[in-house]
$ cat protein.pdb   # PDB, C-alpha atoms, pLDDT in the B column
ATOM      1  CA  MET A   1     182.062  28.732 152.861  1.00 46.00           C
ATOM      2  CA  THR A   2     179.131  26.563 151.850  1.00 45.00           C
ATOM      3  CA  THR A   3     176.167  27.664 149.902  1.00 47.00           C
ATOM      4  CA  ASP A   4     172.667  26.497 150.387  1.00 46.00           C
ATOM      5  CA  SER A   5     171.580  24.682 147.250  1.00 47.00           C
ATOM      6  CA  THR A   6     167.988  24.440 148.403  1.00 45.00           C
ATOM      7  CA  PRO A   7     165.861  26.738 146.304  1.00 47.00           C
ATOM      8  CA  SER A   8     163.899  29.140 148.420  1.00 42.00           C
ATOM      9  CA  ARG A   9     160.203  28.513 148.312  1.00 41.00           C
ATOM     10  CA  PRO A  10     157.975  31.501 148.133  1.00 43.00           C
ATOM     11  CA  THR A  11     155.795  31.651 151.186  1.00 47.00           C
ATOM     12  CA  THR A  12     152.188  32.550 150.871  1.00 64.00           C
ATOM     13  CA  ARG A  13     150.612  34.473 153.667  1.00 76.00           C
ATOM     14  CA  LEU A  14     146.966  33.582 154.037  1.00 80.00           C
ATOM     15  CA  ASP A  15     144.402  36.036 155.286  1.00 85.00           C
ATOM     16  CA  ALA A  16     142.624  35.091 158.518  1.00 82.00           C
ATOM     17  CA  PRO A  17     139.557  33.402 156.943  1.00 88.00           C
ATOM     18  CA  ALA A  18     141.720  31.355 154.556  1.00 89.00           C
ATOM     19  CA  ARG A  19     144.100  30.370 157.388  1.00 91.00           C
ATOM     20  CA  ARG A  20     141.128  29.333 159.507  1.00 93.00           C
ATOM     21  CA  GLU A  21     139.795  27.135 156.691  1.00 94.00           C
ATOM     22  CA  SER A  22     143.205  25.541 156.132  1.00 93.00           C
ATOM     23  CA  ILE A  23     143.417  24.781 159.862  1.00 95.00           C
ATOM     24  CA  LEU A  24     139.944  23.221 159.789  1.00 96.00           C
ATOM     25  CA  ASP A  25     140.878  21.083 156.765  1.00 95.00           C
ATOM     26  CA  ALA A  26     144.068  19.757 158.353  1.00 95.00           C
ATOM     27  CA  ALA A  27     142.450  19.281 161.765  1.00 95.00           C
ATOM     28  CA  GLU A  28     139.606  17.280 160.229  1.00 94.00           C
ATOM     29  CA  LEU A  29     142.069  14.808 158.742  1.00 93.00           C
ATOM     30  CA  LEU A  30     143.965  14.439 162.005  1.00 94.00           C
ATOM     31  CA  PHE A  31     140.880  14.089 164.173  1.00 94.00           C
ATOM     32  CA  VAL A  32     139.352  11.502 161.813  1.00 91.00           C
ATOM     33  CA  GLN A  33     142.592   9.507 161.765  1.00 90.00           C
ATOM     34  CA  ALA A  34     143.363   9.560 165.486  1.00 91.00           C
ATOM     35  CA  GLY A  35     140.295  10.756 167.352  1.00 90.00           C
ATOM     36  CA  PHE A  36     139.965  13.677 169.706  1.00 92.00           C
ATOM     37  CA  HIS A  37     142.020  12.563 172.697  1.00 93.00           C
ATOM     38  CA  ALA A  38     144.940  11.130 170.723  1.00 93.00           C
ATOM     39  CA  THR A  39     145.399  14.351 168.748  1.00 94.00           C
ATOM     40  CA  GLY A  40     147.499  16.971 170.505  1.00 95.00           C
ATOM     41  CA  THR A  41     147.694  20.675 169.789  1.00 94.00           C
ATOM     42  CA  ARG A  42     151.332  20.286 168.770  1.00 95.00           C
ATOM     43  CA  ASP A  43     150.274  17.671 166.192  1.00 95.00           C
ATOM     44  CA  LEU A  44     147.503  19.950 164.984  1.00 95.00           C
ATOM     45  CA  ALA A  45     149.788  22.962 164.633  1.00 95.00           C
ATOM     46  CA  LYS A  46     152.378  20.941 162.737  1.00 94.00           C
ATOM     47  CA  ALA A  47     149.803  19.451 160.366  1.00 93.00           C
ATOM     48  CA  CYS A  48     148.352  22.904 159.774  1.00 90.00           C
ATOM     49  CA  GLY A  49     151.759  24.420 159.079  1.00 90.00           C
ATOM     50  CA  VAL A  50     151.420  26.925 161.902  1.00 92.00           C
ATOM     51  CA  THR A  51     152.707  27.382 165.421  1.00 93.00           C
ATOM     52  CA  GLU A  52     150.584  26.603 168.456  1.00 95.00           C
ATOM     53  CA  PRO A  53     150.122  30.338 169.226  1.00 95.00           C
ATOM     54  CA  VAL A  54     148.735  30.846 165.704  1.00 92.00           C
ATOM     55  CA  LEU A  55     146.413  27.892 166.222  1.00 94.00           C
ATOM     56  CA  TYR A  56     145.164  29.446 169.466  1.00 95.00           C
ATOM     57  CA  ARG A  57     144.671  32.795 167.745  1.00 94.00           C
ATOM     58  CA  HIS A  58     142.052  31.157 165.535  1.00 95.00           C
ATOM     59  CA  PHE A  59     140.600  28.717 168.075  1.00 95.00           C
ATOM     60  CA  PRO A  60     140.701  29.310 171.842  1.00 95.00           C
ATOM     61  CA  SER A  61     141.046  25.596 172.650  1.00 94.00           C
ATOM     62  CA  LYS A  62     141.409  22.166 171.121  1.00 94.00           C
ATOM     63  CA  GLU A  63     137.780  21.538 172.103  1.00 94.00           C
ATOM     64  CA  SER A  64     136.564  24.610 170.216  1.00 94.00           C
ATOM     65  CA  LEU A  65     138.525  23.530 167.124  1.00 95.00           C
ATOM     66  CA  PHE A  66     137.080  20.033 167.418  1.00 95.00           C
ATOM     67  CA  ILE A  67     133.518  21.324 167.730  1.00 93.00           C
ATOM     68  CA  GLU A  68     134.038  23.567 164.712  1.00 94.00           C
ATOM     69  CA  VAL A  69     135.422  20.632 162.683  1.00 95.00           C
ATOM     70  CA  VAL A  70     132.518  18.349 163.577  1.00 93.00           C
ATOM     71  CA  THR A  71     129.942  21.084 163.002  1.00 93.00           C
ATOM     72  CA  ARG A  72     131.403  21.789 159.576  1.00 94.00           C
ATOM     73  CA  MET A  73     131.496  18.093 158.673  1.00 93.00           C
ATOM     74  CA  LEU A  74     127.866  17.580 159.644  1.00 92.00           C
ATOM     75  CA  ASP A  75     126.525  20.773 158.113  1.00 93.00           C
ATOM     76  CA  GLN A  76     128.428  20.432 154.846  1.00 92.00           C
ATOM     77  CA  GLY A  77     127.504  16.770 154.634  1.00 91.00           C
ATOM     78  CA  ILE A  78     123.801  17.575 155.098  1.00 90.00           C
ATOM     79  CA  GLN A  79     123.982  20.385 152.525  1.00 91.00           C
ATOM     80  CA  ASP A  80     125.927  18.296 150.003  1.00 90.00           C
ATOM     81  CA  LEU A  81     123.556  15.366 150.388  1.00 87.00           C
ATOM     82  CA  ALA A  82     120.501  17.559 149.879  1.00 85.00           C
ATOM     83  CA  ALA A  83     122.014  19.423 146.926  1.00 87.00           C
ATOM     84  CA  SER A  84     123.244  16.480 144.886  1.00 83.00           C
ATOM     85  CA  ASP A  85     121.384  13.982 142.762  1.00 83.00           C
ATOM     86  CA  ARG A  86     124.549  12.116 141.740  1.00 88.00           C
ATOM     87  CA  PRO A  87     125.000   8.872 143.679  1.00 86.00           C
ATOM     88  CA  GLU A  88     128.779   9.241 144.021  1.00 89.00           C
ATOM     89  CA  HIS A  89     128.401  12.723 145.544  1.00 88.00           C
ATOM     90  CA  GLN A  90     125.638  11.543 147.840  1.00 88.00           C
ATOM     91  CA  GLU A  91     127.770   8.613 148.945  1.00 88.00           C
ATOM     92  CA  ARG A  92     130.691  10.933 149.704  1.00 89.00           C
ATOM     93  CA  ALA A  93     128.427  13.245 151.720  1.00 89.00           C
ATOM     94  CA  MET A  94     126.955  10.335 153.693  1.00 88.00           C
ATOM     95  CA  ARG A  95     130.424   8.953 154.351  1.00 88.00           C
ATOM     96  CA  ARG A  96     131.586  12.318 155.681  1.00 88.00           C
ATOM     97  CA  MET A  97     128.622  12.483 158.036  1.00 88.00           C
ATOM     98  CA  MET A  98     129.339   8.951 159.232  1.00 88.00           C
ATOM     99  CA  GLU A  99     132.956   9.935 159.921  1.00 88.00           C
ATOM    100  CA  SER A 100     131.737  12.931 161.909  1.00 89.00           C
ATOM    101  CA  LEU A 101     129.441  10.743 164.009  1.00 87.00           C
ATOM    102  CA  LEU A 102     132.264   8.321 164.744  1.00 87.00           C
ATOM    103  CA  LEU A 103     134.493  11.264 165.574  1.00 88.00           C
ATOM    104  CA  ILE A 104     131.883  12.609 167.978  1.00 87.00           C
ATOM    105  CA  ASP A 105     131.883   9.247 169.723  1.00 84.00           C
ATOM    106  CA  THR A 106     135.614   9.630 170.449  1.00 82.00           C
ATOM    107  CA  ALA A 107     134.861  12.788 172.420  1.00 86.00           C
ATOM    108  CA  ALA A 108     131.631  12.159 174.277  1.00 79.00           C
ATOM    109  CA  ASP A 109     133.130  13.979 177.252  1.00 83.00           C
ATOM    110  CA  VAL A 110     133.594  17.229 175.315  1.00 84.00           C
ATOM    111  CA  GLU A 111     131.012  19.709 176.499  1.00 79.00           C
ATOM    112  CA  LYS A 112     128.482  20.741 173.804  1.00 85.00           C
ATOM    113  CA  ILE A 113     129.157  17.732 171.538  1.00 85.00           C
ATOM    114  CA  THR A 114     125.945  15.869 172.389  1.00 81.00           C
ATOM    115  CA  GLY A 115     123.856  18.984 171.876  1.00 85.00           C
ATOM    116  CA  LEU A 116     125.503  19.493 168.504  1.00 84.00           C
ATOM    117  CA  VAL A 117     124.277  16.132 167.269  1.00 83.00           C
ATOM    118  CA  ARG A 118     120.845  16.465 168.850  1.00 84.00           C
ATOM    119  CA  ALA A 119     120.363  19.818 167.139  1.00 88.00           C
ATOM    120  CA  ARG A 120     121.057  18.208 163.757  1.00 88.00           C
ATOM    121  CA  ARG A 121     119.327  14.871 164.264  1.00 87.00           C
ATOM    122  CA  THR A 122     116.187  15.766 162.327  1.00 88.00           C
ATOM    123  CA  ALA A 123     118.226  17.258 159.485  1.00 89.00           C
ATOM    124  CA  LEU A 124     120.380  14.102 159.339  1.00 87.00           C
ATOM    125  CA  ASP A 125     117.348  11.813 159.212  1.00 86.00           C
ATOM    126  CA  SER A 126     115.656  13.966 156.572  1.00 87.00           C
ATOM    127  CA  ALA A 127     118.776  14.159 154.397  1.00 86.00           C
ATOM    128  CA  PHE A 128     119.249  10.380 154.489  1.00 84.00           C
ATOM    129  CA  ALA A 129     115.581   9.717 153.782  1.00 87.00           C
ATOM    130  CA  ALA A 130     115.525  12.122 150.830  1.00 86.00           C
ATOM    131  CA  ALA A 131     118.729  10.706 149.331  1.00 85.00           C
ATOM    132  CA  THR A 132     117.952   7.029 149.785  1.00 85.00           C
ATOM    133  CA  GLY A 133     114.176   6.870 149.653  1.00 86.00           C
ATOM    134  CA  LYS A 134     114.269   4.840 152.865  1.00 86.00           C
ATOM    135  CA  ARG A 135     113.464   5.690 156.452  1.00 85.00           C
ATOM    136  CA  GLY A 136     116.208   8.140 157.450  1.00 80.00           C
ATOM    137  CA  GLU A 137     116.994   6.798 160.893  1.00 83.00           C
ATOM    138  CA  GLU A 138     117.239   3.187 159.718  1.00 86.00           C
ATOM    139  CA  GLU A 139     119.439   4.088 156.759  1.00 84.00           C
ATOM    140  CA  LEU A 140     121.658   6.268 158.941  1.00 84.00           C
ATOM    141  CA  CYS A 141     122.132   3.401 161.399  1.00 86.00           C
ATOM    142  CA  ARG A 142     122.745   0.849 158.646  1.00 86.00           C
ATOM    143  CA  ARG A 143     125.406   2.961 156.976  1.00 84.00           C
ATOM    144  CA  LEU A 144     127.055   3.832 160.261  1.00 85.00           C
ATOM    145  CA  GLY A 145     127.256   0.130 161.019  1.00 87.00           C
ATOM    146  CA  GLU A 146     128.873  -0.479 157.629  1.00 86.00           C
ATOM    147  CA  VAL A 147     131.548   2.130 158.311  1.00 84.00           C
ATOM    148  CA  VAL A 148     132.268   0.638 161.745  1.00 84.00           C
ATOM    149  CA  LEU A 149     132.532  -2.888 160.310  1.00 87.00           C
ATOM    150  CA  GLU A 150     134.790  -1.622 157.549  1.00 86.00           C
ATOM    151  CA  ARG A 151     137.112  -0.035 160.114  1.00 79.00           C
ATOM    152  CA  ILE A 152     137.195  -3.189 162.216  1.00 83.00           C
ATOM    153  CA  SER A 153     138.085  -5.243 159.143  1.00 85.00           C
ATOM    154  CA  GLN A 154     141.020  -2.937 158.352  1.00 77.00           C
ATOM    155  CA  ASP A 155     142.602  -3.215 161.810  1.00 59.00           C
TER     156      ASP A 155
END

$ encode --input "protein.pdb" --output "C-alpha cells"
Amino acid sequence: MTTDSTPSRPTTRLDAPARRESILDAAELLFVQAGFHATGTRDLAKACGVTEPVLYRHFPSKESLFIEVVTRMLDQGIQDLAASDRPEHQERAMRRMMESLLLIDTAADVEKITGLVRARRTALDSAFAAATGKRGEEELCRRLGEVVLERISQD
C-alpha cells in the first residue's frame, strides 16, 4: 500500500461575487495575452481554476465575459487616471486603457464592442487630457501608437 505524501491543500470556496472577480482577473490576463478569438472557454476555465459549467454560471457566453473584461478595464482605467496625481499610477492606468483598446481591436466582430468604446470616448479623451495637460485625443493616439510599436518590437 502506498501513501500519498502530497500535503492536502485547504480549498477556499469563494462566494459568487468573489468568484466572478477572480474569473474577470484571470480572463483579462488571457485575453490580453492571446486576444479574443485565440482564447477558448476551456483555456479560460483552466486559468480561472473552475470548470466550464462554473464559468457559464457566471457569464452566459465567452462574448459576455469579454465585454465585461473590457468594460472593467476601461472604466477602472478612467477612474484610476482621474483619481491619481502620481505619474506612475497614471501611467499604469493609461497602459491598461491602451491594452483594452488593443483587445477590443481583436474582437471587432463581437456585437456591442464598438458601442462600448463609443460610449466611453469622451471620458477617455477627458481623462487623458486632464492627466497629461495635452489634447486628449492626440495623447490617446500617441500612446496607443507607442504600445503598438512596443509590441511589434518584442515579436

$ resolve_selection --input "protein.pdb" --expression "the PyMOL selection byres ((chain A and resi 91-106) around 8)" --output "ChimeraX atom specification"
/A:31-32,35-37,70,73-74,76-78,80-81,87-90,107-108,113,128,143-144,147

$ atom_distance --input "protein.pdb" --atom1 "atom CA of A:Leu55" --atom2 "atom CA of A:Ala38"
17.4 Å

$ closest_residue --input "protein.pdb" --among "A:Cys141, A:Thr122, A:Leu116, A:Lys134" --to "A:Glu68" --atoms "all atoms listed in the file"
A:Leu116

$ resolve_selection --input "protein.pdb" --expression "the PyMOL selection byres ((chain A and resi 62) around 12)" --output "mmCIF file with C-alpha atoms, in the frame of the given file"
data_model
loop_
_atom_site.group_PDB
_atom_site.id
_atom_site.type_symbol
_atom_site.label_atom_id
_atom_site.label_comp_id
_atom_site.auth_asym_id
_atom_site.auth_seq_id
_atom_site.Cartn_x
_atom_site.Cartn_y
_atom_site.Cartn_z
ATOM 1 C CA ILE A 23 143.417 24.781 159.862
ATOM 2 C CA LEU A 24 139.944 23.221 159.789
ATOM 3 C CA ALA A 27 142.450 19.281 161.765
ATOM 4 C CA PHE A 31 140.880 14.089 164.173
ATOM 5 C CA PHE A 36 139.965 13.677 169.706
ATOM 6 C CA HIS A 37 142.020 12.563 172.697
ATOM 7 C CA ALA A 38 144.940 11.130 170.723
ATOM 8 C CA THR A 39 145.399 14.351 168.748
ATOM 9 C CA GLY A 40 147.499 16.971 170.505
ATOM 10 C CA THR A 41 147.694 20.675 169.789
ATOM 11 C CA ARG A 42 151.332 20.286 168.770
ATOM 12 C CA ASP A 43 150.274 17.671 166.192
ATOM 13 C CA LEU A 44 147.503 19.950 164.984
ATOM 14 C CA ALA A 45 149.788 22.962 164.633
ATOM 15 C CA GLU A 52 150.584 26.603 168.456
ATOM 16 C CA LEU A 55 146.413 27.892 166.222
ATOM 17 C CA TYR A 56 145.164 29.446 169.466
ATOM 18 C CA ARG A 57 144.671 32.795 167.745
ATOM 19 C CA HIS A 58 142.052 31.157 165.535
ATOM 20 C CA PHE A 59 140.600 28.717 168.075
ATOM 21 C CA PRO A 60 140.701 29.310 171.842
ATOM 22 C CA SER A 61 141.046 25.596 172.650
ATOM 23 C CA GLU A 63 137.780 21.538 172.103
ATOM 24 C CA SER A 64 136.564 24.610 170.216
ATOM 25 C CA LEU A 65 138.525 23.530 167.124
ATOM 26 C CA PHE A 66 137.080 20.033 167.418
ATOM 27 C CA ILE A 67 133.518 21.324 167.730
ATOM 28 C CA GLU A 68 134.038 23.567 164.712
ATOM 29 C CA VAL A 69 135.422 20.632 162.683
ATOM 30 C CA ALA A 107 134.861 12.788 172.420
ATOM 31 C CA VAL A 110 133.594 17.229 175.315
ATOM 32 C CA GLU A 111 131.012 19.709 176.499
#

$ closest_residue --input "protein.pdb" --among "A:Arg19, A:Glu146, A:Ala129, A:Leu124" --to "A:Asp75" --atoms "all atoms listed in the file"
A:Leu124

$ closest_residue --input "protein.pdb" --among "A:Ala127, A:Gly145, A:Gln33, A:Glu138" --to "A:Ala83" --atoms "all atoms listed in the file"
A:Ala127
